[in-house]
Amino acid sequence: MFKHIVSGIQNIGHRVIESVWRLGVAARFFLLVLLKSSTSLRRFGLVVRELYFTGVLSLIIIVVSGLFVGMVLGLQGYETLQKYGSESAVGTLVALSLVRELGPVVAALLFASRAGSAITAEIGLMKATEQLAAMGMMAVDPIARVVAPRFWAGVISMPFLAAIFSVMGVFGGYLVTVVFIGVDEGSYWSQMQSAVDFRFDIVNGFIKSCFFGVAVTSIAVFEGYDAPPTAEGVSGATTRTVVTSSLVILGLDFILTAFMFRGVS
Amino acid sequence: MQRTTMDLWVGLFVVTGIVALMILSLKVGNLNVYNPSQSYTIIGNFENIGGLKVRAPVKSAGVVVGRVTDIQFSTETYDAVVTLSMDSRFSFPKDTFASILTSGLLGEQYIGLAAGGDEAKLQHGDKLMKTNSAMVLEELIGRFLFNKASEDDSL
Amino acid sequence: MASENLIDIKDLNFSYDTRAILKGINMTMQRGKVIAIMGGSGSGKTTLLRLIGGTLQPSSGYVKFAGQVVHELNRDALFALRRKMGMLFQFGALFTDLSVFDNVAFQMREHTDLPESMIRDLVLMKLHAVGLRGAHRLMPNELSGGMARRVALARSIALDPMLIMYDEPFTGLDPISLSVIGNLIRRLTDALGMTSIVVTHDVQESLKIVDYVYFIADGVIAAEGTPQQVRASVAPFVHQFVHGEEDGPVPFHYPAKQYRSDLNLEDPVV
Ligand SMILES: Nc1ncnc2c1ncn2[C@@H]1O[C@H](COP(=O)(O)OP(=O)(O)OP(=O)(O)O)[C@@H](O)[C@H]1O
Ligand SMILES: [Mg+2]
């Protein structure tokens with residue numbers, strides 16, 4: 001009995017040490033990527049190539065999801081607001097929800113599962129098939145040549161994708177409430193414009209999406225680079241990228257929101 | 001994929017992203033109406049600001065003409081000192097009347113300006129002379145009951 | 001005399017975790033020679049190549065390449081040194097996101113400022129040497145295993161290095177390609193004065209082209225010699241290997257418990 005308790009506690013301790021150690025490795029790796037980024041910035045073509053895979057190929061899912069999220073927000077918001085006779089505030093509701101929260105958060109979640117997992121799988125497979133080792137033997141640093149361009153492409157794409165998501169959402173809300181339901185067009189936009197503040201809402205949403213971009217892509221490249229060089233290793237790493245990214249996005253969102261919107265409205 | 005097609009797509013993507021950011025700033029966030037670089041500041045003392053918050057809009061005839069940028073408590077007059085940042089396109093007479101209003105029954109509170117008839121206009125740093133406090137529900141009910149009671153007395 | 005040797009390996013020991021893989025290896029490799037390393041599967045041949053390339057650290061002993069101790073170099077010096085080495089990986093390790101042409105051009109683009117027209121000529125020359133000039137537009141996933149290995153070979157000789165390490169260049173090749181590649185290794189070594197290390201199981205083919213053979217077994221060098229010496233050898237180990245017999249001093253099995261006890265056929269010891 002006593003033995004079981006001790007081994008249970010040992011187990012917990014082991015896990016904690018393990019995860020702290022891994023976190024340290026990840027932090028070191030992150031610094032390494034930053035240090036070795038000069039190649040990607042000098043040869044921007046490398047980043048452009050990755051922008052295609054992370055950014056352009058994520059566009060469809062971002063545009064479609066943004067549109068539908070906005071349409072649902074418009075519909076639900078209208079249903080609720082009309083009970084209080086303030087259905088003209090639906091524009092405000094749609095825009096504020098999107099710009100402050102849903103745009104950055106949902107876009108980042110989609111980005112993690114669309115682009116993050118692809119980055120992990122690609123780097124992991126390159127490792128498993130010894131492409132990274134071969135590159136190292138050719139005196140080309142895989143972190144500078146393979147990891148850093150993907151990292152920067154992800155960091156650059158994320159704010160753009162979040163902004164596109166929000167715009168599509170606002171448009172989706174407009175479609176449902178103004179075009180289909182018949183809320184006054186003027187009040188949809190003017191209520192929105194008087195409630196959404198550039199500095200507090202747009203800029204803060206933008207900053208959030210930048211943080212999420214750094215978080216998701218760091219996790220993705222680290223998991224790929226750290227993956228055991230086997231098929232299960234890579235598939236496990238891909239799953240971990242999506243799960244860890246999603247949790248980190250939501251946790252980070254709470255922290256950032258607490259800092260940004262404390263004391264206002 | 002051909003290098004140039006890829007470049008084209010990435011270029012389109014970046015342009016779309018920038019356009020989206022601009023739409024958010026201009027169309028959704030209304031950056032052009034309220035630009036702090038072209039503004040003047042006026043101050044108003046209010047006995048009670050109710051639920052007024054920093055960043056609340058300042059409206060006249062329903063149009064946003066500025067924003068609340070600061071709320072302080074004055075230990076000299078024991079009331080609230082509210083700083084308003086006004087769009088410099090709109091100037092108001094010196095005797096403009098400011099009151100704290102609520103949009104809708106449960107909506108947020110804002111400052112409504114009703115222009116007076118004075119020839120002189122409000123300048124940067126001026127103080128609003130006439131202000132009206134926020135309606136506080138408890139006070140309203142209290143006053144209503146008090147009136148009722150005095151009516152009953154007089155009977 | 002010392003300058004004749006491109007590689008000196010002295011008392012090299014290496015272990016993964018606690019399992020010793022190499023136990024005191026000594027080798028010398030002269031410039032301009034083709035050296036074969038043979039040994040059973042899992043005997044540590046690939047590991048040895050990695051130690052020479054500096055991707056693994058020895059637990060004791062050293063590898064000296066052109067007078068420099070590989071594992072003592074800092075990162076920049078190691079990278080400078082690796083530019084003088086080419087390595088053909090056991091499984092090709094082609095960059096799957098680049099075409100055949102771009103794979104071969106990779107190092108030229110990374111390490112030189114050659115104009116694109118010259119890179120094109122050089123790449124086509126290298127591909128021609130392995131008989132795949134016509135395939136330069138294909139992607140790696142469109143190649144057969146043997147073709148991929150030949151492209152990898154072209155890639156590893158792209159910058160005409162001083163040393164090329166071939167990890168099993170002959171597996172997956174048909175007899176024709178096999179002798180073509182064998183001769184190519186020999187010709188490259190002679191024409192460019194480079195040194196080649198060939199890890200292989202193909203005893204007959206490699207004995208035709210190499211200058212010297214090392215046999216590795218159990219982490220030590222079990223036998224060594226020129227092809228003539230190897231062919232004439234009566235040492236049971238070499239004989240077994242050259243003639244491909246299952247029974248002999250080279251164990252076919254990875255170290256394990258008794259077969260019978262692993263299958264639970266024996267009475268449990270109480
Ligand atoms: N990353 C690793 N971690 C732990 N052990 C390893 C690792 N890589 C190889 N080994 C072990 O080291 C030993 C030597 O491996 P190595 O790849 O050098 O063999 P090899 O001689 O190249 O065999 P083959 O002819 O089959 O390619 C093997 O027994 C293998 O189990
Ligand atoms: Mg091997």
# chains A, B, ... in the order shown; residues from 1 in each chain; ligands from 1
>>> interface_residues(of="chain C", to="chain B", cutoff="12 Å", atoms="only C-alpha atoms", output="JSON, numbers by chain")
{"C": [97, 98, 99, 137, 139]}
>>> write_last_selection(atoms="N, CA, C and O atoms", output="mmCIF file, in the first residue's frame")
data_model
loop_
_atom_site.group_PDB
_atom_site.id
_atom_site.type_symbol
_atom_site.label_atom_id
_atom_site.label_comp_id
_atom_site.auth_asym_id
_atom_site.auth_seq_id
_atom_site.Cartn_x
_atom_site.Cartn_y
_atom_site.Cartn_z
ATOM 1 N N ASP C 97 11.075 17.496 -51.315
ATOM 2 C CA ASP C 97 10.339 18.651 -51.834
ATOM 3 C C ASP C 97 11.078 19.308 -52.996
ATOM 4 O O ASP C 97 10.626 20.320 -53.515
ATOM 5 N N LEU C 98 12.223 18.746 -53.396
ATOM 6 C CA LEU C 98 12.973 19.325 -54.519
ATOM 7 C C LEU C 98 13.040 18.303 -55.656
ATOM 8 O O LEU C 98 13.076 17.097 -55.415
ATOM 9 N N SER C 99 13.098 18.798 -56.879
ATOM 10 C CA SER C 99 13.217 17.903 -58.025
ATOM 11 C C SER C 99 14.617 17.296 -58.061
ATOM 12 O O SER C 99 15.501 17.708 -57.321
ATOM 13 N N ARG C 137 13.926 16.335 -64.403
ATOM 14 C CA ARG C 137 12.727 17.089 -64.017
ATOM 15 C C ARG C 137 11.860 16.338 -63.009
ATOM 16 O O ARG C 137 10.955 16.900 -62.429
ATOM 17 N N MET C 139 10.366 14.332 -59.738
ATOM 18 C CA MET C 139 10.442 14.514 -58.292
ATOM 19 C C MET C 139 10.889 13.178 -57.682
ATOM 20 O O MET C 139 10.666 12.116 -58.274
#
>>> residues_near_ligand(ligand="ligand 2", cutoff="8 Å", atoms="only C-alpha atoms and all ligand atoms", output="mmCIF file with C-alpha atoms, in the first residue's frame")
data_model
loop_
_atom_site.group_PDB
_atom_site.id
_atom_site.type_symbol
_atom_site.label_atom_id
_atom_site.label_comp_id
_atom_site.auth_asym_id
_atom_site.auth_seq_id
_atom_site.Cartn_x
_atom_site.Cartn_y
_atom_site.Cartn_z
ATOM 1 C CA SER C 41 24.108 -6.039 -40.452
ATOM 2 C CA GLY C 42 24.081 -3.911 -37.310
ATOM 3 C CA GLY C 44 28.253 -0.423 -36.690
ATOM 4 C CA LYS C 45 29.321 0.535 -40.211
ATOM 5 C CA THR C 46 26.909 3.416 -40.587
ATOM 6 C CA THR C 47 27.847 4.504 -37.081
ATOM 7 C CA GLN C 90 21.970 4.316 -46.868
ATOM 8 C CA ASP C 167 26.717 3.782 -47.342
ATOM 9 C CA GLU C 168 25.708 0.660 -49.261
ATOM 10 C CA VAL C 199 30.261 0.361 -46.953
#
>>> atom_distance(atom1="atom CA of Ser58 of chain A", atom2="atom CA of Ala115 of chain A")
6.8 Å
>>> interface_residues(of="chain B", to="chain A", cutoff="7 Å", atoms="only C-alpha atoms", output="list in words")
Met6, Asp7, Trp9, Val10, Phe13, Gly17, Ile18, Ala20, Leu21, Leu24, Ser25, Val28, Gly29, Asn30, Leu31, Lys53, Val54 and Val64 of chain B
>>> write_last_selection(atoms="N, CA and C atoms", output="mmCIF file, in the first residue's frame")
data_model
loop_
_atom_site.group_PDB
_atom_site.id
_atom_site.type_symbol
_atom_site.label_atom_id
_atom_site.label_comp_id
_atom_site.auth_asym_id
_atom_site.auth_seq_id
_atom_site.Cartn_x
_atom_site.Cartn_y
_atom_site.Cartn_z
ATOM 1 N N MET B 6 3.879 30.538 -57.703
ATOM 2 C CA MET B 6 3.908 30.545 -56.251
ATOM 3 C C MET B 6 4.080 31.976 -55.738
ATOM 4 N N ASP B 7 5.017 32.683 -56.351
ATOM 5 C CA ASP B 7 5.228 34.081 -55.956
ATOM 6 C C ASP B 7 3.946 34.883 -56.108
ATOM 7 N N TRP B 9 0.823 33.824 -56.022
ATOM 8 C CA TRP B 9 -0.147 33.482 -54.975
ATOM 9 C C TRP B 9 0.227 34.121 -53.647
ATOM 10 N N VAL B 10 1.512 34.023 -53.319
ATOM 11 C CA VAL B 10 1.940 34.590 -52.036
ATOM 12 C C VAL B 10 1.722 36.099 -52.036
ATOM 13 N N PHE B 13 -1.842 36.726 -51.473
ATOM 14 C CA PHE B 13 -2.172 36.447 -50.080
ATOM 15 C C PHE B 13 -1.802 37.631 -49.185
ATOM 16 N N GLY B 17 -4.276 40.047 -47.108
ATOM 17 C CA GLY B 17 -4.119 40.235 -45.668
ATOM 18 C C GLY B 17 -4.065 41.703 -45.300
ATOM 19 N N ILE B 18 -3.288 42.473 -46.064
ATOM 20 C CA ILE B 18 -3.161 43.902 -45.752
ATOM 21 C C ILE B 18 -4.494 44.609 -45.970
ATOM 22 N N ALA B 20 -7.396 43.264 -45.683
ATOM 23 C CA ALA B 20 -8.265 42.878 -44.565
ATOM 24 C C ALA B 20 -7.961 43.730 -43.337
ATOM 25 N N LEU B 21 -6.679 43.923 -43.073
ATOM 26 C CA LEU B 21 -6.313 44.756 -41.915
ATOM 27 C C LEU B 21 -6.826 46.179 -42.101
ATOM 28 N N LEU B 24 -10.537 46.314 -41.519
ATOM 29 C CA LEU B 24 -10.803 46.275 -40.082
ATOM 30 C C LEU B 24 -10.578 47.646 -39.465
ATOM 31 N N SER B 25 -9.480 48.284 -39.849
ATOM 32 C CA SER B 25 -9.146 49.568 -39.238
ATOM 33 C C SER B 25 -10.121 50.659 -39.657
ATOM 34 N N VAL B 28 -14.448 48.838 -39.996
ATOM 35 C CA VAL B 28 -14.982 48.279 -38.754
ATOM 36 C C VAL B 28 -14.574 49.129 -37.557
ATOM 37 N N GLY B 29 -13.284 49.490 -37.507
ATOM 38 C CA GLY B 29 -12.788 50.235 -36.349
ATOM 39 C C GLY B 29 -12.961 51.727 -36.501
ATOM 40 N N ASN B 30 -13.325 52.158 -37.719
ATOM 41 C CA ASN B 30 -13.631 53.561 -37.923
ATOM 42 C C ASN B 30 -12.483 54.473 -37.539
ATOM 43 N N LEU B 31 -11.309 54.118 -37.991
ATOM 44 C CA LEU B 31 -10.113 54.869 -37.645
ATOM 45 C C LEU B 31 -10.198 56.311 -38.115
ATOM 46 N N LYS B 53 -17.464 54.875 -18.631
ATOM 47 C CA LYS B 53 -16.124 54.283 -18.673
ATOM 48 C C LYS B 53 -15.232 55.095 -19.594
ATOM 49 N N VAL B 54 -13.936 54.953 -19.360
ATOM 50 C CA VAL B 54 -12.983 55.517 -20.312
ATOM 51 C C VAL B 54 -13.262 54.877 -21.676
ATOM 52 N N VAL B 64 -21.096 60.351 -33.251
ATOM 53 C CA VAL B 64 -19.910 60.310 -32.398
ATOM 54 C C VAL B 64 -18.997 61.479 -32.756
#
>>> closest_atom_pairs(of="chain C", to="ligand 1", cutoff="12 Å", atoms="only C-alpha atoms and all ligand atoms", output="Markdown table")
| residue | atom | partner | partner_atom_place_in_ligand_line | distance |
| --- | --- | --- | --- | --- |
| C:Phe14 | CA | ligand 1 | 12 (O) | 9.6 |
| C:Ser15 | CA | ligand 1 | 12 (O) | 8.0 |
| C:Tyr16 | CA | ligand 1 | 4 (C) | 5.0 |
| C:Asp17 | CA | ligand 1 | 4 (C) | 7.1 |
| C:Thr18 | CA | ligand 1 | 4 (C) | 9.4 |
| C:Arg19 | CA | ligand 1 | 5 (N) | 7.8 |
| C:Ala20 | CA | ligand 1 | 12 (O) | 8.4 |
| C:Ile21 | CA | ligand 1 | 13 (C) | 5.8 |
| C:Leu22 | CA | ligand 1 | 14 (C) | 8.5 |
| C:Lys23 | CA | ligand 1 | 14 (C) | 12.0 |
| C:Ile37 | CA | ligand 1 | 21 (O) | 9.3 |
| C:Met38 | CA | ligand 1 | 21 (O) | 8.2 |
| C:Gly39 | CA | ligand 1 | 21 (O) | 6.5 |
| C:Gly40 | CA | ligand 1 | 25 (O) | 6.0 |
| C:Ser41 | CA | ligand 1 | 26 (O) | 3.7 |
| C:Gly42 | CA | ligand 1 | 19 (O) | 3.4 |
| C:Ser43 | CA | ligand 1 | 21 (O) | 4.0 |
| C:Gly44 | CA | ligand 1 | 18 (O) | 3.1 |
| C:Lys45 | CA | ligand 1 | 21 (O) | 3.7 |
| C:Thr46 | CA | ligand 1 | 22 (O) | 3.7 |
| C:Thr47 | CA | ligand 1 | 18 (O) | 3.7 |
| C:Leu48 | CA | ligand 1 | 18 (O) | 6.5 |
| C:Leu49 | CA | ligand 1 | 18 (O) | 8.1 |
| C:Arg50 | CA | ligand 1 | 18 (O) | 8.4 |
| C:Leu51 | CA | ligand 1 | 18 (O) | 9.9 |
| C:Thr55 | CA | ligand 1 | 1 (N) | 11.4 |
| C:Leu56 | CA | ligand 1 | 1 (N) | 9.9 |
| C:Phe89 | CA | ligand 1 | 27 (O) | 10.1 |
| C:Gln90 | CA | ligand 1 | 27 (O) | 7.1 |
| C:Phe91 | CA | ligand 1 | 27 (O) | 9.6 |
| C:Tyr166 | CA | ligand 1 | 22 (O) | 11.2 |
| C:Asp167 | CA | ligand 1 | 22 (O) | 7.8 |
| C:Glu168 | CA | ligand 1 | 27 (O) | 7.7 |
| C:Pro169 | CA | ligand 1 | 27 (O) | 11.3 |
| C:Thr171 | CA | ligand 1 | 25 (O) | 10.6 |
| C:Val198 | CA | ligand 1 | 22 (O) | 11.6 |
| C:Val199 | CA | ligand 1 | 25 (O) | 8.1 |
| C:Thr200 | CA | ligand 1 | 25 (O) | 7.6 |
| C:His201 | CA | ligand 1 | 25 (O) | 7.5 |
| C:Asp202 | CA | ligand 1 | 25 (O) | 11.0 |
| C:Phe215 | CA | ligand 1 | 21 (O) | 10.7 |
| C:Ile216 | CA | ligand 1 | 21 (O) | 8.4 |
| C:Ala217 | CA | ligand 1 | 21 (O) | 9.1 |
| C:Asp218 | CA | ligand 1 | 29 (O) | 9.8 |
| C:Gly219 | CA | ligand 1 | 14 (C) | 8.9 |
| C:Val220 | CA | ligand 1 | 21 (O) | 11.9 |
| C:Phe252 | CA | ligand 1 | 26 (O) | 11.5 |
| C:His253 | CA | ligand 1 | 29 (O) | 10.7 |
| C:Tyr254 | CA | ligand 1 | 29 (O) | 7.6 |
| C:Pro255 | CA | ligand 1 | 29 (O) | 9.3 |
| C:Ala256 | CA | ligand 1 | 29 (O) | 12.0 |
>>> closest_atom_pairs(of="chain A", to="chain C", cutoff="9 Å", atoms="only C-alpha atoms", output="JSON lines")
{"residue": "A:Met126", "atom": "CA", "partner": "C:Phe95", "partner_atom": "CA", "distance": 7.7}
{"residue": "A:Thr129", "atom": "CA", "partner": "C:Ala93", "partner_atom": "CA", "distance": 5.8}
{"residue": "A:Glu130", "atom": "CA", "partner": "C:Ala93", "partner_atom": "CA", "distance": 5.4}
{"residue": "A:Gln131", "atom": "CA", "partner": "C:Ala93", "partner_atom": "CA", "distance": 4.8}
{"residue": "A:Leu132", "atom": "CA", "partner": "C:Ala93", "partner_atom": "CA", "distance": 8.4}
{"residue": "A:Ala133", "atom": "CA", "partner": "C:Thr55", "partner_atom": "CA", "distance": 8.1}
{"residue": "A:Ala134", "atom": "CA", "partner": "C:Ala93", "partner_atom": "CA", "distance": 6.5}
{"residue": "A:Met135", "atom": "CA", "partner": "C:Phe95", "partner_atom": "CA", "distance": 8.8}
{"residue": "A:Gly136", "atom": "CA", "partner": "C:Thr55", "partner_atom": "CA", "distance": 8.1}
{"residue": "A:Met137", "atom": "CA", "partner": "C:Arg82", "partner_atom": "CA", "distance": 6.0}
{"residue": "A:Met138", "atom": "CA", "partner": "C:Arg83", "partner_atom": "CA", "distance": 6.1}
{"residue": "A:Ala139", "atom": "CA", "partner": "C:Phe79", "partner_atom": "CA", "distance": 4.7}
{"residue": "A:Val140", "atom": "CA", "partner": "C:Glu110", "partner_atom": "CA", "distance": 7.4}
{"residue": "A:Asp141", "atom": "CA", "partner": "C:Phe79", "partner_atom": "CA", "distance": 8.7}
>>> write_last_selection(atoms="N, CA and C atoms", output="PDB file, in the first residue's frame")
ATOM      1  N   MET A 126      11.127  14.595 -42.796  1.00  0.00           N
ATOM      2  CA  MET A 126      12.472  14.891 -43.303  1.00  0.00           C
ATOM      3  C   MET A 126      13.521  14.328 -42.362  1.00  0.00           C
ATOM      4  N   THR A 129      13.510  10.380 -42.667  1.00  0.00           N
ATOM      5  CA  THR A 129      14.141   9.878 -43.885  1.00  0.00           C
ATOM      6  C   THR A 129      15.565  10.402 -44.037  1.00  0.00           C
ATOM      7  N   GLU A 130      16.130  10.874 -42.944  1.00  0.00           N
ATOM      8  CA  GLU A 130      17.532  11.311 -42.892  1.00  0.00           C
ATOM      9  C   GLU A 130      17.830  12.509 -43.775  1.00  0.00           C
ATOM     10  N   GLN A 131      16.780  13.218 -44.236  1.00  0.00           N
ATOM     11  CA  GLN A 131      17.063  14.389 -45.075  1.00  0.00           C
ATOM     12  C   GLN A 131      17.769  15.473 -44.270  1.00  0.00           C
ATOM     13  N   LEU A 132      17.381  15.591 -42.994  1.00  0.00           N
ATOM     14  CA  LEU A 132      18.029  16.613 -42.169  1.00  0.00           C
ATOM     15  C   LEU A 132      19.484  16.244 -41.905  1.00  0.00           C
ATOM     16  N   ALA A 133      19.721  14.943 -41.636  1.00  0.00           N
ATOM     17  CA  ALA A 133      21.092  14.504 -41.418  1.00  0.00           C
ATOM     18  C   ALA A 133      21.925  14.719 -42.677  1.00  0.00           C
ATOM     19  N   ALA A 134      21.318  14.402 -43.832  1.00  0.00           N
ATOM     20  CA  ALA A 134      22.041  14.589 -45.091  1.00  0.00           C
ATOM     21  C   ALA A 134      22.395  16.056 -45.289  1.00  0.00           C
ATOM     22  N   MET A 135      21.447  16.911 -44.949  1.00  0.00           N
ATOM     23  CA  MET A 135      21.699  18.341 -45.089  1.00  0.00           C
ATOM     24  C   MET A 135      22.853  18.772 -44.190  1.00  0.00           C
ATOM     25  N   GLY A 136      22.827  18.258 -42.952  1.00  0.00           N
ATOM     26  CA  GLY A 136      23.923  18.574 -42.024  1.00  0.00           C
ATOM     27  C   GLY A 136      25.257  18.105 -42.574  1.00  0.00           C
ATOM     28  N   MET A 137      25.255  16.913 -43.201  1.00  0.00           N
ATOM     29  CA  MET A 137      26.509  16.417 -43.766  1.00  0.00           C
ATOM     30  C   MET A 137      26.957  17.251 -44.965  1.00  0.00           C
ATOM     31  N   MET A 138      26.021  17.975 -45.567  1.00  0.00           N
ATOM     32  CA  MET A 138      26.402  18.858 -46.675  1.00  0.00           C
ATOM     33  C   MET A 138      26.786  20.233 -46.156  1.00  0.00           C
ATOM     34  N   ALA A 139      27.004  20.311 -44.855  1.00  0.00           N
ATOM     35  CA  ALA A 139      27.417  21.569 -44.234  1.00  0.00           C
ATOM     36  C   ALA A 139      26.361  22.655 -44.369  1.00  0.00           C
ATOM     37  N   VAL A 140      25.091  22.242 -44.425  1.00  0.00           N
ATOM     38  CA  VAL A 140      23.999  23.211 -44.422  1.00  0.00           C
ATOM     39  C   VAL A 140      23.205  22.970 -43.144  1.00  0.00           C
ATOM     40  N   ASP A 141      23.040  23.997 -42.346  1.00  0.00           N
ATOM     41  CA  ASP A 141      22.371  23.825 -41.060  1.00  0.00           C
ATOM     42  C   ASP A 141      20.868  23.654 -41.271  1.00  0.00           C
TER      43      ASP A 141
END
>>> residues_around(residues="Met135 of chain B", least_positions_apart="6", cutoff="8 Å", atoms="only C-alpha atoms", output="ChimeraX atom specification")
/B:50,100-101
